[in-house]
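**Q** After the structure tokens below, expect a handful of questions from me.
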Amino acid sequence: MSTPHRAPDALRTQHTFCRICESLCGLEVDVRGNRVEAIRPDPEHVATRGFGCPKGLKQHHLFDSPDRLKWPMKRNGTRWERVSWEQALSEIGEKVRRIRGDHHPDAVAMYVGTAAGFGVLHPVFAQGFMTAVGSKSMYASATQDCSNKFAAARHVYGFPFTQPFPDLHHTQCLIIVGANPVVSKWSFLQVPNPSAHLKEMVARGAKLYVVDPRKTETAKVAGEHVSIEPGTDVFFYLSFLHELVARDRAGKPALNRSRVTQHMRGLEEALALAEPWSPERTAPVTGIPPETLRAMVAAYAEADGAALYSSTGVNMGGHGTLAFYIQEVINAVSGNLDRRGGTLVGKGVIDFPKFGAKNGTLMRNDRSRIGDFASVNDAYAGGILADEILTPGEKQVRALFVTGGNPLITMANSNRLRKAFQELELLVTLDILPNETGSVAHYMLPCTSPLERPDLPFIFPLMLGLQAKPYLQATRRVLEPEYEQRDEASIYLDLCRASGVNLFDSAIAQRFFENTARYHRRRERARGQAREGGTAPDGTPLNPVPPGIPQEAYLNGLLRLTRQKGFKKLLKHEHGVARPEHAPGSFLGQRVTTPDGKVDLAPEVLVKAVQNLEGAFAGLGERHPTRPFKLISKRHVKTHNSWTHNYEGFVTASFRTNYLYAHPDDLPRIGAEDGELVDVSSATGTVRLPLKALADLRPGTVALPHGWGHQHTGLSVARETKGVNVNILAADGVDGVDPLSGMVHLTGIPVSVKKADGPQAKTWSGLEVDAMVPIQAPKA
């Protein structure tokens, strides 16, 4: 039977929300038949206020690509052939059984990408599969951009997901460090239309600073730009705390000692950490004049509610864990934590940190085989994944599932990682497109797009309340899958059965989910909606698709368990339904999950690490003798990590490559003119691309946008671009990993830049491109 489709001339408008980033903007989607004709911002949405970014409003073009994965694909040498779900699941399951039996459960690993996190069921069932396998070999994109925050929060607040955020609607002073929300949106906080929020702050008289090596789009919208040397953020924070203490000792109130005494511990130990780091001492390294820093501290201390906020520019800079730790100390000891206008701790539909701390969720104390690194959020450092694959041993990684991610573009030392992936006995990707990682996989399993699944807001807003304006919303799928794509939760359920294991290591759970999937199939069959073969709208024969889980029912169950409106009731609120506003004063003394219920301002492991910073500080005083430039990242409003370059509308004639941006004064040092090709070299590799002058940069700093380098891919538009993968320049391995967070150093990298002596290469790694030639399976 063919999958049913609405009449092609029936136009309908459905309200939903975007799920490609944290902003979750409310959308109006015009659909005719089973095709999106237009996407607009929802002007009546309770929180997102009629905002939508270019990527979100054009996302259907990315999902409608002719390159879209339509059915399971199996690689045979350098060619690809279409296989049925039955064959793919059976063969993958047999290999998992063999590897577990012959070696160790930890020989089966998983990498969870950012896209997996923007749905509710996907990451839950992915973890359920790994628990079923009995493997602790989990890796995640967080160790590229944010696990420093999780690592520090676990020590300071008792749970990694306890993440205070600025009270944007009431703050009188906001200092943004290493973040560019106008282009990248806010991180760890749902804030649509960041430009409007920033302008509103300034309009009500708030003081705003943007600390960054580049005068970013955010700094141009509002506030004062403060230029900083890349990779020195921790010393800026230490001097900030030093000056805050100095003001307090001088009789200018800056510390809230009574609040600290009541709700925190370790004050004197924490304050002592800042004593050696006066603004005068750090200025030659950070590049921030002492008078500028003192003016910022004064504005912060005198404001009726102030906040320091940081994101990836700090996280990826080498000392991101310590920088974030000192930031949280400053917000806490100044009395701004849990205060109106300061930083707040949201509350989701349940008290998730309390639940997690009680049950040990995301709190395992595992150690990696290579490097003996602690896991963060139950995941190991991505920077050692290549070593775990290439180093012999009982727990050597031999099979890898990549779910909602593209590590060959996003992870450090991508060339080495690609070679490691080619040594795997089994590599399976779950994705919507045949990306770079898929090009070396053994199987590519086709998944539904965000528009093809029902959903609730993902874990950060749903369970943690990380929203500037709290609300709740449900969405049904906007489109029906037209081919053999499936939701990831159903795929992992079936992979468990094929591998001879039980989801969450529970036979009861496996039987329950399988039975509900079969019951759901019977209901689909009764409505004529079961995907049991037939033909696609374009006439392509379809193989049967196994029964899928009833996603709406599970989402409804989650809502009812947390005493919220049911899924169907939420659907009646098509613009979302407001939840109670954040309550200042509801965190300290009530929801801190450390053993004694107090914020720990001086965790031993973090204190010792700060005390050992002298050597790093001495090394920052002078530039590298052969790599004198500091490399940072940069993002364009039309790019989103690694997957928006496969739409012609986003890669126009002048935007078919990334560029190395440099200050005009540095061009003579480089020996190249604007537009000429240059070679950029680090300790791990070299890339070649065009040079572009940018006066917004700090001299001596160069910027290279990430997410490019698509020549090893089955993406017909993206593979014709010439951009290079910046992460070739980042070091991996034991020496490249931060022992506190598992993060690698992705910004502030010492590089040399010189005029190129040849053309821009077709490929970015020198490796042969795998042919992406699909072979049609026999007609179903």
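Every chain in the structure tokens takes a letter, A first, then B, and so on in the order presented; its residues are numbered from 1, and the ligands are numbered from 1 following the presented order.
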If we count only C-alpha atoms and set the cut-off at 9 Å, which residues sit around region 655-665 of chain A, ignoring sequence neighbours fewer than 3 positions away in its own chain? Please answer as a ChimeraX atom specification.
**A** /A:645,650-652,668-669,674-675,678,680,689-706,708-709,718,720-724
**Q** Those residues with C-alpha atoms, as a PDB file, in the first residue's frame please?
**A**
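Result saved to part36.pdb:
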ATOM      1  CA  HIS A 645      26.143  24.344   2.818  1.00  0.00           C
ATOM      2  CA  PHE A 650      23.086  29.656   1.325  1.00  0.00           C
ATOM      3  CA  VAL A 651      26.204  29.252  -0.853  1.00  0.00           C
ATOM      4  CA  THR A 652      26.022  32.131  -3.276  1.00  0.00           C
ATOM      5  CA  PRO A 668      52.223  42.935   5.144  1.00  0.00           C
ATOM      6  CA  ARG A 669      53.474  40.468   7.781  1.00  0.00           C
ATOM      7  CA  ASP A 674      43.244  40.685   0.191  1.00  0.00           C
ATOM      8  CA  GLY A 675      41.758  37.851  -1.902  1.00  0.00           C
ATOM      9  CA  VAL A 678      47.343  31.702   1.964  1.00  0.00           C
ATOM     10  CA  VAL A 680      47.565  28.425   7.466  1.00  0.00           C
ATOM     11  CA  LEU A 689      42.155  29.263   1.435  1.00  0.00           C
ATOM     12  CA  PRO A 690      41.606  32.911   0.421  1.00  0.00           C
ATOM     13  CA  LEU A 691      42.628  35.791   2.671  1.00  0.00           C
ATOM     14  CA  LYS A 692      40.237  38.580   3.555  1.00  0.00           C
ATOM     15  CA  ALA A 693      41.042  41.759   5.505  1.00  0.00           C
ATOM     16  CA  LEU A 694      38.828  42.506   8.523  1.00  0.00           C
ATOM     17  CA  ALA A 695      39.474  45.556  10.666  1.00  0.00           C
ATOM     18  CA  ASP A 696      37.190  44.203  13.421  1.00  0.00           C
ATOM     19  CA  LEU A 697      39.888  41.735  14.459  1.00  0.00           C
ATOM     20  CA  ARG A 698      42.536  42.309  17.053  1.00  0.00           C
ATOM     21  CA  PRO A 699      45.949  42.584  15.320  1.00  0.00           C
ATOM     22  CA  GLY A 700      47.822  39.312  15.546  1.00  0.00           C
ATOM     23  CA  THR A 701      44.547  37.380  15.585  1.00  0.00           C
ATOM     24  CA  VAL A 702      43.166  35.556  12.559  1.00  0.00           C
ATOM     25  CA  ALA A 703      39.698  34.009  12.216  1.00  0.00           C
ATOM     26  CA  LEU A 704      38.638  30.970  10.211  1.00  0.00           C
ATOM     27  CA  PRO A 705      34.938  29.928  10.141  1.00  0.00           C
ATOM     28  CA  HIS A 706      34.232  26.306  11.022  1.00  0.00           C
ATOM     29  CA  TRP A 708      33.385  23.749   5.935  1.00  0.00           C
ATOM     30  CA  GLY A 709      35.308  21.035   4.084  1.00  0.00           C
ATOM     31  CA  ALA A 718      28.293  21.208  -0.633  1.00  0.00           C
ATOM     32  CA  GLU A 720      31.373  21.671  -5.029  1.00  0.00           C
ATOM     33  CA  THR A 721      32.384  24.310  -2.489  1.00  0.00           C
ATOM     34  CA  LYS A 722      36.054  24.932  -1.774  1.00  0.00           C
ATOM     35  CA  GLY A 723      35.959  25.622   1.945  1.00  0.00           C
ATOM     36  CA  VAL A 724      38.446  23.968   4.295  1.00  0.00           C
TER      37      VAL A 724
END
**Q** Pull the closest atom pair for each residue of region 398-509 of chain A that gets at most 8 Å from region 726-740 of chain A, along with the distance in Å to one decimal, counting only C-alpha atoms, ordering rows by chain and then ascending residue number, as a tab-separated table.
**A**
residue	atom	partner	partner_atom	distance
A:Ile409	CA	A:Asn727	CA	7.0
A:Thr410	CA	A:Asn727	CA	6.7
A:Met411	CA	A:Asn727	CA	6.3
A:Ala412	CA	A:Ala730	CA	5.0
A:Asn413	CA	A:Ile728	CA	4.6
A:Ser414	CA	A:Ile728	CA	5.2
A:Asn415	CA	A:Ile728	CA	6.3
**Q** Please report the interatomic distance between CA of Glu604 (chain A) and CA of Trp277 (chain A) in Å with one decimal.
**A** 19.6 Å
**Q** Any chance you could list, as a tab-separated table (two decimals) with all heavy atoms, in the first residue's frame, the residues in region 53-282 of chain A that come up strand (DSSP E or B) when DSSP is run on the backbone?
**A**
chain	number	residue	atom	x	y	z
A	73	MET	N	21.40	2.38	3.52
A	73	MET	CA	22.45	2.23	2.52
A	73	MET	C	23.61	1.44	3.13
A	73	MET	O	23.99	1.66	4.28
A	73	MET	CB	22.94	3.60	2.05
A	73	MET	CG	21.87	4.48	1.43
A	73	MET	SD	21.28	3.87	-0.15
A	73	MET	CE	22.70	4.19	-1.18
A	74	LYS	N	24.17	0.55	2.32
A	74	LYS	CA	25.31	-0.27	2.74
A	74	LYS	C	26.46	-0.02	1.78
A	74	LYS	O	26.28	-0.03	0.56
A	74	LYS	CB	24.92	-1.76	2.73
A	74	LYS	CG	26.08	-2.70	3.06
A	74	LYS	CD	25.64	-4.15	2.97
A	74	LYS	CE	26.79	-5.10	3.26
A	74	LYS	NZ	26.38	-6.52	3.16
A	75	ARG	N	27.65	0.21	2.33
A	75	ARG	CA	28.82	0.44	1.49
A	75	ARG	C	29.44	-0.89	1.09
A	75	ARG	O	29.67	-1.77	1.92
A	75	ARG	CB	29.84	1.31	2.22
A	75	ARG	CG	31.06	1.66	1.36
A	75	ARG	CD	31.82	2.86	1.92
A	75	ARG	NE	32.29	2.64	3.27
A	75	ARG	CZ	33.46	2.07	3.57
A	75	ARG	NH1	34.25	1.63	2.62
A	75	ARG	NH2	33.82	1.92	4.83
A	76	ASN	N	29.73	-0.98	-0.19
A	76	ASN	CA	30.41	-2.16	-0.74
A	76	ASN	C	31.65	-1.65	-1.47
A	76	ASN	O	31.59	-1.22	-2.62
A	76	ASN	CB	29.48	-2.90	-1.70
A	76	ASN	CG	30.09	-4.19	-2.22
A	76	ASN	OD1	31.21	-4.56	-1.84
A	76	ASN	ND2	29.38	-4.87	-3.10
A	79	ARG	N	31.42	1.83	-3.32
A	79	ARG	CA	30.09	2.03	-3.87
A	79	ARG	C	29.04	1.78	-2.80
A	79	ARG	O	29.29	1.08	-1.82
A	79	ARG	CB	29.86	1.10	-5.07
A	79	ARG	CG	30.80	1.38	-6.25
A	79	ARG	CD	30.57	0.40	-7.39
A	79	ARG	NE	29.25	0.57	-8.00
A	79	ARG	CZ	28.97	1.48	-8.93
A	79	ARG	NH1	29.91	2.31	-9.35
A	79	ARG	NH2	27.77	1.57	-9.45
A	80	TRP	N	27.89	2.36	-3.02
A	80	TRP	CA	26.80	2.23	-2.07
A	80	TRP	C	25.64	1.50	-2.71
A	80	TRP	O	25.33	1.71	-3.88
A	80	TRP	CB	26.34	3.61	-1.60
A	80	TRP	CG	27.32	4.27	-0.69
A	80	TRP	CD1	28.33	5.11	-1.06
A	80	TRP	CD2	27.40	4.12	0.71
A	80	TRP	NE1	29.05	5.50	0.05
A	80	TRP	CE2	28.49	4.91	1.16
A	80	TRP	CE3	26.67	3.41	1.65
A	80	TRP	CZ2	28.85	5.00	2.49
A	80	TRP	CZ3	27.03	3.50	2.99
A	80	TRP	CH2	28.11	4.28	3.40
A	81	GLU	N	25.00	0.65	-1.92
A	81	GLU	CA	23.83	-0.06	-2.42
A	81	GLU	C	22.68	0.08	-1.43
A	81	GLU	O	22.89	0.13	-0.22
A	81	GLU	CB	24.14	-1.54	-2.67
A	81	GLU	CG	24.57	-2.30	-1.44
A	81	GLU	CD	24.91	-3.74	-1.76
A	81	GLU	OE1	25.25	-4.02	-2.93
A	81	GLU	OE2	24.84	-4.58	-0.84
A	82	ARG	N	21.51	0.16	-1.98
A	82	ARG	CA	20.30	0.24	-1.16
A	82	ARG	C	19.98	-1.14	-0.60
A	82	ARG	O	20.04	-2.14	-1.31
A	82	ARG	CB	19.14	0.73	-2.01
A	82	ARG	CG	17.79	0.72	-1.31
A	82	ARG	CD	16.68	1.10	-2.26
A	82	ARG	NE	15.38	0.97	-1.66
A	82	ARG	CZ	14.24	1.16	-2.30
A	82	ARG	NH1	14.25	1.50	-3.58
A	82	ARG	NH2	13.08	1.02	-1.67
A	108	VAL	N	32.10	-1.37	21.64
A	108	VAL	CA	31.02	-0.73	20.87
A	108	VAL	C	30.84	0.68	21.42
A	108	VAL	O	30.54	0.85	22.61
A	108	VAL	CB	29.71	-1.52	20.98
A	108	VAL	CG1	28.60	-0.83	20.19
A	108	VAL	CG2	29.90	-2.95	20.50
A	109	ALA	N	31.04	1.69	20.59
A	109	ALA	CA	31.00	3.08	21.04
A	109	ALA	C	29.92	3.85	20.31
A	109	ALA	O	29.37	3.41	19.30
A	109	ALA	CB	32.36	3.75	20.81
A	110	MET	N	29.61	5.01	20.85
A	110	MET	CA	28.63	5.91	20.23
A	110	MET	C	29.10	7.35	20.34
A	110	MET	O	29.66	7.76	21.36
A	110	MET	CB	27.25	5.78	20.89
A	110	MET	CG	26.19	6.73	20.31
A	110	MET	SD	24.55	6.51	21.06
A	110	MET	CE	24.07	4.96	20.29
A	111	TYR	N	28.88	8.10	19.25
A	111	TYR	CA	29.10	9.54	19.25
A	111	TYR	C	27.75	10.21	19.08
A	111	TYR	O	27.04	9.96	18.10
A	111	TYR	CB	30.05	9.95	18.13
A	111	TYR	CG	30.20	11.45	17.97
A	111	TYR	CD1	31.16	12.15	18.70
A	111	TYR	CD2	29.36	12.17	17.11
A	111	TYR	CE1	31.27	13.53	18.57
A	111	TYR	CE2	29.48	13.54	16.99
A	111	TYR	CZ	30.43	14.22	17.72
A	111	TYR	OH	30.55	15.58	17.58
A	112	VAL	N	27.38	11.08	20.02
A	112	VAL	CA	26.10	11.78	19.99
A	112	VAL	C	26.36	13.23	19.58
A	112	VAL	O	27.05	13.97	20.27
A	112	VAL	CB	25.41	11.74	21.37
A	112	VAL	CG1	24.06	12.46	21.31
A	112	VAL	CG2	25.22	10.29	21.81
A	138	MET	N	30.83	6.21	25.47
A	138	MET	CA	30.01	7.29	24.92
A	138	MET	C	30.90	8.50	24.66
A	138	MET	O	31.76	8.86	25.48
A	138	MET	CB	28.90	7.68	25.89
A	138	MET	CG	27.79	6.66	26.02
A	138	MET	SD	26.74	6.55	24.56
A	138	MET	CE	25.85	8.09	24.64
A	139	TYR	N	30.67	9.14	23.51
A	139	TYR	CA	31.36	10.37	23.14
A	139	TYR	C	30.29	11.35	22.66
A	139	TYR	O	29.25	10.95	22.15
A	139	TYR	CB	32.39	10.11	22.04
A	139	TYR	CG	33.45	9.13	22.46
A	139	TYR	CD1	33.24	7.75	22.34
A	139	TYR	CD2	34.65	9.56	23.02
A	139	TYR	CE1	34.19	6.84	22.76
A	139	TYR	CE2	35.60	8.64	23.45
A	139	TYR	CZ	35.38	7.29	23.32
A	139	TYR	OH	36.32	6.39	23.75
A	140	ALA	N	30.56	12.63	22.83
A	140	ALA	CA	29.53	13.61	22.51
A	140	ALA	C	30.15	14.91	22.02
A	140	ALA	O	31.31	15.22	22.33
A	140	ALA	CB	28.65	13.90	23.74
A	165	PHE	N	21.87	31.35	34.43
A	165	PHE	CA	21.84	32.17	33.21
A	165	PHE	C	21.46	33.60	33.56
A	165	PHE	O	20.82	33.86	34.59
A	165	PHE	CB	20.85	31.59	32.19
A	165	PHE	CG	19.45	31.40	32.72
A	165	PHE	CD1	18.54	32.46	32.72
A	165	PHE	CD2	19.05	30.18	33.22
A	165	PHE	CE1	17.26	32.29	33.21
A	165	PHE	CE2	17.77	30.00	33.72
A	165	PHE	CZ	16.87	31.06	33.71
A	166	PRO	N	21.84	34.56	32.72
A	166	PRO	CA	21.54	35.96	33.03
A	166	PRO	C	20.04	36.24	32.98
A	166	PRO	O	19.33	35.74	32.10
A	166	PRO	CB	22.27	36.73	31.91
A	166	PRO	CG	23.22	35.76	31.30
A	166	PRO	CD	22.64	34.41	31.49
A	173	CYS	N	23.52	45.28	34.30
A	173	CYS	CA	24.88	45.21	33.76
A	173	CYS	C	25.13	43.79	33.28
A	173	CYS	O	25.02	42.85	34.06
A	173	CYS	CB	25.93	45.60	34.81
A	173	CYS	SG	27.65	45.50	34.22
A	174	LEU	N	25.46	43.66	32.02
A	174	LEU	CA	25.73	42.34	31.45
A	174	LEU	C	27.09	42.39	30.75
A	174	LEU	O	27.32	43.25	29.89
A	174	LEU	CB	24.65	41.95	30.44
A	174	LEU	CG	24.85	40.60	29.72
A	174	LEU	CD1	24.83	39.45	30.73
A	174	LEU	CD2	23.79	40.40	28.65
A	175	ILE	N	27.96	41.46	31.12
A	175	ILE	CA	29.28	41.35	30.52
A	175	ILE	C	29.33	40.02	29.77
A	175	ILE	O	29.28	38.95	30.38
A	175	ILE	CB	30.39	41.45	31.57
A	175	ILE	CG1	30.29	42.78	32.32
A	175	ILE	CG2	31.76	41.30	30.91
A	175	ILE	CD1	31.27	42.92	33.47
A	176	ILE	N	29.39	40.10	28.45
A	176	ILE	CA	29.38	38.93	27.58
A	176	ILE	C	30.82	38.63	27.17
A	176	ILE	O	31.48	39.48	26.56
A	176	ILE	CB	28.52	39.19	26.33
A	176	ILE	CG1	27.07	39.50	26.73
A	176	ILE	CG2	28.57	38.00	25.38
A	176	ILE	CD1	26.21	39.97	25.56
A	177	VAL	N	31.30	37.44	27.48
A	177	VAL	CA	32.68	37.08	27.20
A	177	VAL	C	32.70	35.89	26.24
A	177	VAL	O	32.14	34.84	26.52
A	177	VAL	CB	33.43	36.71	28.50
A	177	VAL	CG1	34.92	36.54	28.22
A	177	VAL	CG2	33.20	37.76	29.58
A	190	GLN	N	17.45	29.72	26.05
A	190	GLN	CA	16.61	29.96	24.89
A	190	GLN	C	16.21	31.43	24.84
A	190	GLN	O	15.41	31.90	25.63
A	190	GLN	CB	15.36	29.08	24.94
A	190	GLN	CG	14.48	29.24	23.71
A	190	GLN	CD	13.09	28.68	23.92
A	190	GLN	OE1	12.81	28.06	24.94
A	190	GLN	NE2	12.21	28.91	22.97
A	207	LYS	N	24.08	48.61	31.42
A	207	LYS	CA	25.43	48.70	30.89
A	207	LYS	C	25.79	47.37	30.27
A	207	LYS	O	25.59	46.31	30.87
A	207	LYS	CB	26.42	49.05	32.01
A	207	LYS	CG	27.80	49.42	31.53
A	207	LYS	CD	27.84	50.78	30.88
A	207	LYS	CE	29.26	51.21	30.54
A	207	LYS	NZ	29.31	52.48	29.81
A	208	LEU	N	26.33	47.40	29.05
A	208	LEU	CA	26.62	46.17	28.33
A	208	LEU	C	28.04	46.20	27.79
A	208	LEU	O	28.45	47.17	27.15
A	208	LEU	CB	25.62	46.00	27.17
A	208	LEU	CG	25.78	44.78	26.26
A	208	LEU	CD1	25.56	43.49	27.04
A	208	LEU	CD2	24.77	44.86	25.11
A	209	TYR	N	28.80	45.13	28.07
A	209	TYR	CA	30.15	44.98	27.56
A	209	TYR	C	30.24	43.67	26.77
A	209	TYR	O	29.64	42.67	27.15
A	209	TYR	CB	31.18	44.92	28.69
A	209	TYR	CG	31.30	46.18	29.52
A	209	TYR	CD1	30.55	46.33	30.69
A	209	TYR	CD2	32.17	47.19	29.14
A	209	TYR	CE1	30.67	47.47	31.47
A	209	TYR	CE2	32.30	48.34	29.92
A	209	TYR	CZ	31.54	48.47	31.07
A	209	TYR	OH	31.66	49.61	31.84
A	210	VAL	N	31.03	43.69	25.69
A	210	VAL	CA	31.29	42.49	24.89
A	210	VAL	C	32.80	42.30	24.84
A	210	VAL	O	33.52	43.10	24.22
A	210	VAL	CB	30.72	42.60	23.47
A	210	VAL	CG1	31.01	41.33	22.69
A	210	VAL	CG2	29.21	42.87	23.52
A	211	VAL	N	33.29	41.26	25.51
A	211	VAL	CA	34.72	40.97	25.60
A	211	VAL	C	35.04	39.90	24.57
A	211	VAL	O	34.59	38.76	24.68
A	211	VAL	CB	35.10	40.50	27.02
A	211	VAL	CG1	36.61	40.26	27.11
A	211	VAL	CG2	34.65	41.52	28.06
A	214	ARG	N	37.42	39.97	18.60
A	214	ARG	CA	36.86	40.60	17.40
A	214	ARG	C	35.69	41.48	17.81
A	214	ARG	O	34.95	41.14	18.74
A	214	ARG	CB	36.39	39.52	16.41
A	214	ARG	CG	35.73	40.04	15.16
A	214	ARG	CD	35.48	38.90	14.17
A	214	ARG	NE	34.45	37.98	14.60
A	214	ARG	CZ	33.16	38.08	14.29
A	214	ARG	NH1	32.73	39.09	13.54
A	214	ARG	NH2	32.28	37.18	14.71
A	224	GLU	N	29.64	48.12	24.69
A	224	GLU	CA	31.04	48.54	24.50
A	224	GLU	C	31.90	47.32	24.24
A	224	GLU	O	31.86	46.34	24.99
A	224	GLU	CB	31.53	49.27	25.75
A	224	GLU	CG	32.98	49.71	25.69
A	224	GLU	CD	33.43	50.42	26.95
A	224	GLU	OE1	32.57	50.95	27.68
A	224	GLU	OE2	34.65	50.42	27.21
A	225	HIS	N	32.69	47.38	23.17
A	225	HIS	CA	33.58	46.26	22.86
A	225	HIS	C	34.87	46.40	23.63
A	225	HIS	O	35.49	47.47	23.66
A	225	HIS	CB	33.87	46.22	21.36
A	225	HIS	CG	34.86	45.16	20.98
A	225	HIS	ND1	36.00	45.43	20.23
A	225	HIS	CD2	34.90	43.83	21.26
A	225	HIS	CE1	36.67	44.31	20.07
A	225	HIS	NE2	36.03	43.34	20.67
A	226	VAL	N	35.29	45.31	24.26
A	226	VAL	CA	36.57	45.25	24.96
A	226	VAL	C	37.38	44.13	24.31
A	226	VAL	O	37.04	42.96	24.38
A	226	VAL	CB	36.38	44.96	26.46
A	226	VAL	CG1	37.74	44.82	27.15
A	226	VAL	CG2	35.55	46.05	27.11
A	264	MET	N	26.78	29.31	51.02
A	264	MET	CA	27.96	28.86	50.29
A	264	MET	C	29.07	28.49	51.26
A	264	MET	O	29.00	28.79	52.45
A	264	MET	CB	28.44	29.95	49.32
A	264	MET	CG	27.33	30.47	48.40
A	264	MET	SD	27.84	31.90	47.41
A	264	MET	CE	26.22	32.56	46.95
A	265	ARG	N	30.08	27.84	50.73
A	265	ARG	CA	31.27	27.52	51.52
A	265	ARG	C	32.52	27.71	50.65
A	265	ARG	O	32.45	27.67	49.44
A	265	ARG	CB	31.22	26.11	52.06
A	265	ARG	CG	30.99	25.02	51.03
A	265	ARG	CD	30.86	23.65	51.71
A	265	ARG	NE	30.17	22.67	50.90
A	265	ARG	CZ	30.74	21.90	49.98
A	265	ARG	NH1	32.04	22.02	49.74
A	265	ARG	NH2	30.03	21.02	49.30
**Q** Kindly indicate which residue among A:His575, A:Arg591, A:Lys136, A:His442 lies nearest to Gly50 (chain A), using only C-alpha atoms for the distances.
**A**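 Counting only C-alpha atoms, the residue closest to Gly50 (chain A) is A:His575.
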**Q** Rounded to one decimal, what separation in Å do you get between CA of Arg476 (chain A) and CA of Gln529 (chain A)?
**A**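 Distance between the two atoms: 15.7 Å.
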**Q** Tell me which of A:Trp643, A:Phe150, A:Phe373, A:Phe460 sits closest to Pro407 (chain A), counting only C-alpha atoms.
**A**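 Nearest to Pro407 (chain A): A:Trp643.
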**Q** Within 8 Å of Leu62 (chain A), counting only C-alpha atoms, which residues qualify if same-chain residues fewer than 2 places away don't, as an NGL selection string?
**A** :A and (58-60 or 64-65 or 644 or 646-647)
